[in-house]
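Reproduced below: query.pdb, with PDB, C-alpha atoms.
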ATOM      1  CA  ASN A 295      91.332  90.204 105.815
ATOM      2  CA  ALA A 296      94.078  89.699 103.267
ATOM      3  CA  VAL A 297      96.313  91.730 100.996
ATOM      4  CA  THR A 298      98.235  90.840  97.854
ATOM      5  CA  VAL A 299     101.679  92.396  97.447
ATOM      6  CA  ASN A 300     102.867  92.572  93.827
ATOM      7  CA  TRP A 301     106.276  93.585  92.495
ATOM      8  CA  ASN A 302     108.558  93.131  89.507
ATOM      9  CA  THR A 303     112.273  92.467  89.280
ATOM     10  CA  ASN A 304     114.614  93.114  86.354
ATOM     11  CA  GLU A 305     115.795  89.492  86.447
ATOM     12  CA  SER A 306     114.358  86.232  87.684
ATOM     13  CA  ALA A 307     114.154  86.056  91.486
ATOM     14  CA  ASN A 308     112.000  84.783  94.321
ATOM     15  CA  GLY A 309     110.888  86.835  97.266
ATOM     16  CA  THR A 310     109.618  87.171 100.792
ATOM     17  CA  VAL A 311     107.221  89.743 102.243
ATOM     18  CA  TYR A 312     107.946  90.688 105.859
ATOM     19  CA  TYR A 313     105.061  92.353 107.721
ATOM     20  CA  SER A 314     104.145  93.490 111.219
ATOM     21  CA  THR A 315     101.792  95.798 113.099
ATOM     22  CA  SER A 316     104.834  97.594 114.528
ATOM     23  CA  PRO A 317     107.668  99.255 112.572
ATOM     24  CA  LEU A 318     110.085  96.756 111.065
ATOM     25  CA  SER A 319     113.648  96.498 112.289
ATOM     26  CA  LEU A 320     116.036  95.931 109.381
ATOM     27  CA  GLY A 321     119.253  94.971 111.215
ATOM     28  CA  SER A 322     122.661  96.522 110.494
ATOM     29  CA  ASP A 323     124.845  97.242 107.458
ATOM     30  CA  ASP A 324     126.571  93.855 107.820
ATOM     31  CA  TYR A 325     123.520  91.617 107.457
ATOM     32  CA  VAL A 326     119.784  91.612 106.826
ATOM     33  CA  GLN A 327     117.677  90.574 109.805
ATOM     34  CA  ILE A 328     114.085  91.697 109.580
ATOM     35  CA  SER A 329     111.552  91.537 112.391
ATOM     36  CA  GLY A 330     107.939  90.495 111.850
ATOM     37  CA  TYR A 331     106.038  87.712 110.102
ATOM     38  CA  THR A 332     106.803  86.357 106.626
ATOM     39  CA  ALA A 333     104.863  85.340 103.536
ATOM     40  CA  MET A 334     106.890  83.800 100.722
ATOM     41  CA  THR A 335     106.619  83.304  97.000
ATOM     42  CA  ASP A 336     107.097  79.815  95.644
ATOM     43  CA  ALA A 337     110.621  78.548  94.921
ATOM     44  CA  ASN A 338     110.364  79.324  91.190
ATOM     45  CA  LEU A 339     112.407  82.281  89.975
ATOM     46  CA  ARG A 340     110.401  84.848  88.001
ATOM     47  CA  THR A 341     110.311  88.574  87.184
ATOM     48  CA  THR A 342     106.709  89.156  88.312
ATOM     49  CA  GLN A 343     105.858  88.341  91.922
ATOM     50  CA  ALA A 344     102.591  88.205  93.861
ATOM     51  CA  VAL A 345     102.341  87.189  97.513
ATOM     52  CA  GLN A 346      99.048  86.975  99.365
ATOM     53  CA  VAL A 347      99.222  87.736 103.086
ATOM     54  CA  GLN A 348      96.215  86.284 104.909
ATOM     55  CA  ASN A 349      94.624  86.244 108.368
ATOM     56  CA  LEU A 350      95.231  89.929 109.032
ATOM     57  CA  GLN A 351      93.445  91.928 111.722
ATOM     58  CA  ALA A 352      90.633  94.254 110.592
ATOM     59  CA  ASN A 353      91.136  98.036 110.684
ATOM     60  CA  THR A 354      94.857  97.676 111.349
ATOM     61  CA  MET A 355      97.911  99.372 109.869
ATOM     62  CA  TYR A 356     100.703  97.013 108.833
ATOM     63  CA  TYR A 357     104.304  97.754 107.931
ATOM     64  CA  TYR A 358     105.897  95.643 105.208
ATOM     65  CA  THR A 359     109.035  95.233 103.123
ATOM     66  CA  VAL A 360     109.962  92.896 100.274
ATOM     67  CA  VAL A 361     113.205  90.956  99.923
ATOM     68  CA  SER A 362     114.013  89.427  96.522
ATOM     69  CA  VAL A 363     116.924  87.082  95.838
ATOM     70  CA  ASP A 364     118.119  86.148  92.341
ATOM     71  CA  GLN A 365     119.740  82.894  91.244
ATOM     72  CA  SER A 366     123.224  84.254  92.033
ATOM     73  CA  GLY A 367     122.189  85.112  95.597
ATOM     74  CA  ASN A 368     122.017  88.882  95.039
ATOM     75  CA  LEU A 369     119.539  90.389  97.498
ATOM     76  CA  THR A 370     117.291  93.417  96.995
ATOM     77  CA  LEU A 371     115.371  94.980  99.892
ATOM     78  CA  THR A 372     112.580  97.537  99.447
ATOM     79  CA  TRP A 373     112.113 100.503 101.743
ATOM     80  CA  PRO A 374     109.400  99.666 104.334
ATOM     81  CA  GLU A 375     105.873 100.797 103.404
ATOM     82  CA  THR A 376     102.456 100.519 105.068
ATOM     83  CA  PHE A 377      98.950  99.349 104.261
ATOM     84  CA  THR A 378      95.755  99.418 106.320
ATOM     85  CA  THR A 379      93.160  96.654 106.355
ATOM     86  CA  THR A 380      89.430  97.374 106.285
ATOM     87  CA  ASN A 381      86.469  95.900 108.170
TER      88      ASN A 381
END
Produce structure tokens that represent the structure in this file.
Amino acid sequence: NAVTVNWNTNESANGTVYYSTSPLSLGSDDYVQISGYTAMTDANLRTTQAVQVQNLQANTMYYYTVVSVDQSGNLTLTWPETFTTTN
């Protein structure tokens, strides 16, 4: 099982998808430390992103969040969401 996570940014950036079968821990206000596994985009900066997450368990709910970083090092973090794999 696999899923593709797509998103857009308003300026060129790269990104990382963090995912886990348990709720993600996002750290504190002082830093970003996210639990779970990661799947990354390539190193090229772009405004349209697509990351394929592979080798997922069947019939399983996953939590995920996306972190994008632009060329200046500005970081954007999405609110955690979920998806469920099929057979």
Problem - Which of A:Asn295, A:Ser366, A:Thr376, A:Thr342 sits closest to A:Pro317 [using all atoms listed in the file] - result: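 Selected residue with least distance to A:Pro317: A:Thr376.
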List the spatial neighbours of A:Thr341 as a tab-separated table (two decimals) with C-alpha atoms, in the frame of the given file - criterion: any atom at most 10 Å away, only C-alpha atoms, same-chain residues fewer than 5 positions off excluded.
chain	number	residue	atom	x	y	z
A	301	TRP	CA	106.28	93.58	92.50
A	302	ASN	CA	108.56	93.13	89.51
A	303	THR	CA	112.27	92.47	89.28
A	304	ASN	CA	114.61	93.11	86.35
A	305	GLU	CA	115.80	89.49	86.45
A	306	SER	CA	114.36	86.23	87.68
A	307	ALA	CA	114.15	86.06	91.49
A	308	ASN	CA	112.00	84.78	94.32
A	364	ASP	CA	118.12	86.15	92.34
Problem - Output check: residues returned by the PyMOL selection byres ((chain A and resi 356) around 6), as a count of residues only - result: 6
Problem - Separation of atom CA of A:Gly330 from atom CA of A:Tyr312, in Å and rounded to one decimal - result: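 Separating atom CA of A:Gly330 from atom CA of A:Tyr312 is a distance of 6.0 Å.
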I'd like the neighbourhood of A:Gln348 as a PDB file with C-alpha atoms, in the frame of the given file, where a residue qualifies if any of its atoms comes within 12 Å (using all atoms listed in the file), though same-chain residues fewer than 5 positions away should be ignored.
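Wrote it out as around11.pdb, contents follow:
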ATOM      1  CA  ASN A 295      91.332  90.204 105.815  1.00  0.00           C
ATOM      2  CA  ALA A 296      94.078  89.699 103.267  1.00  0.00           C
ATOM      3  CA  VAL A 297      96.313  91.730 100.996  1.00  0.00           C
ATOM      4  CA  THR A 298      98.235  90.840  97.854  1.00  0.00           C
ATOM      5  CA  VAL A 299     101.679  92.396  97.447  1.00  0.00           C
ATOM      6  CA  VAL A 311     107.221  89.743 102.243  1.00  0.00           C
ATOM      7  CA  TYR A 313     105.061  92.353 107.721  1.00  0.00           C
ATOM      8  CA  TYR A 331     106.038  87.712 110.102  1.00  0.00           C
ATOM      9  CA  THR A 332     106.803  86.357 106.626  1.00  0.00           C
ATOM     10  CA  ALA A 333     104.863  85.340 103.536  1.00  0.00           C
ATOM     11  CA  MET A 334     106.890  83.800 100.722  1.00  0.00           C
ATOM     12  CA  THR A 379      93.160  96.654 106.355  1.00  0.00           C
TER      13      THR A 379
END
Completion exercise
Atom pair atom CA of A:Gln351 + atom CA of A:Ser329, distance 18.1 Å
Exercise for the section: Check the smallest atom-to-atom distance from each of A:Ala352, A:Val345, A:Leu371, A:Val361 to A:Asn300 using all atoms listed in the file, then report the winner. Expected result: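 Of the candidates, the smallest distance to A:Asn300 is held by A:Val345.
Our summary of the geometry notes that atom CA of A:Thr378 is positioned 27.6 Å from atom CA of A:Arg340.
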Exercise for the section: Using all atoms listed in the file, determine which residues lie at most 10 Å from A:Leu320, disregarding the query and same-chain residues fewer than 6 positions distant; provide the list as a list of chain:residue names. Expected result: A:Val326, A:Gln327, A:Ile328, A:Ser329, A:Thr359, A:Leu371, A:Trp373, A:Pro374
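Among the candidate residues A:Thr310, A:Gln343, A:Ser319, A:Asn338, the one lying nearest to A:Gln365 is A:Asn338, with distances computed using only C-alpha atoms.
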Exercise for the section: Could you tell me which of A:Gly309, A:Asn381, A:Ser316, A:Thr335 comes closest to A:Asn353 if we count all atoms listed in the file? Expected result: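 Closest candidate: A:Asn381.
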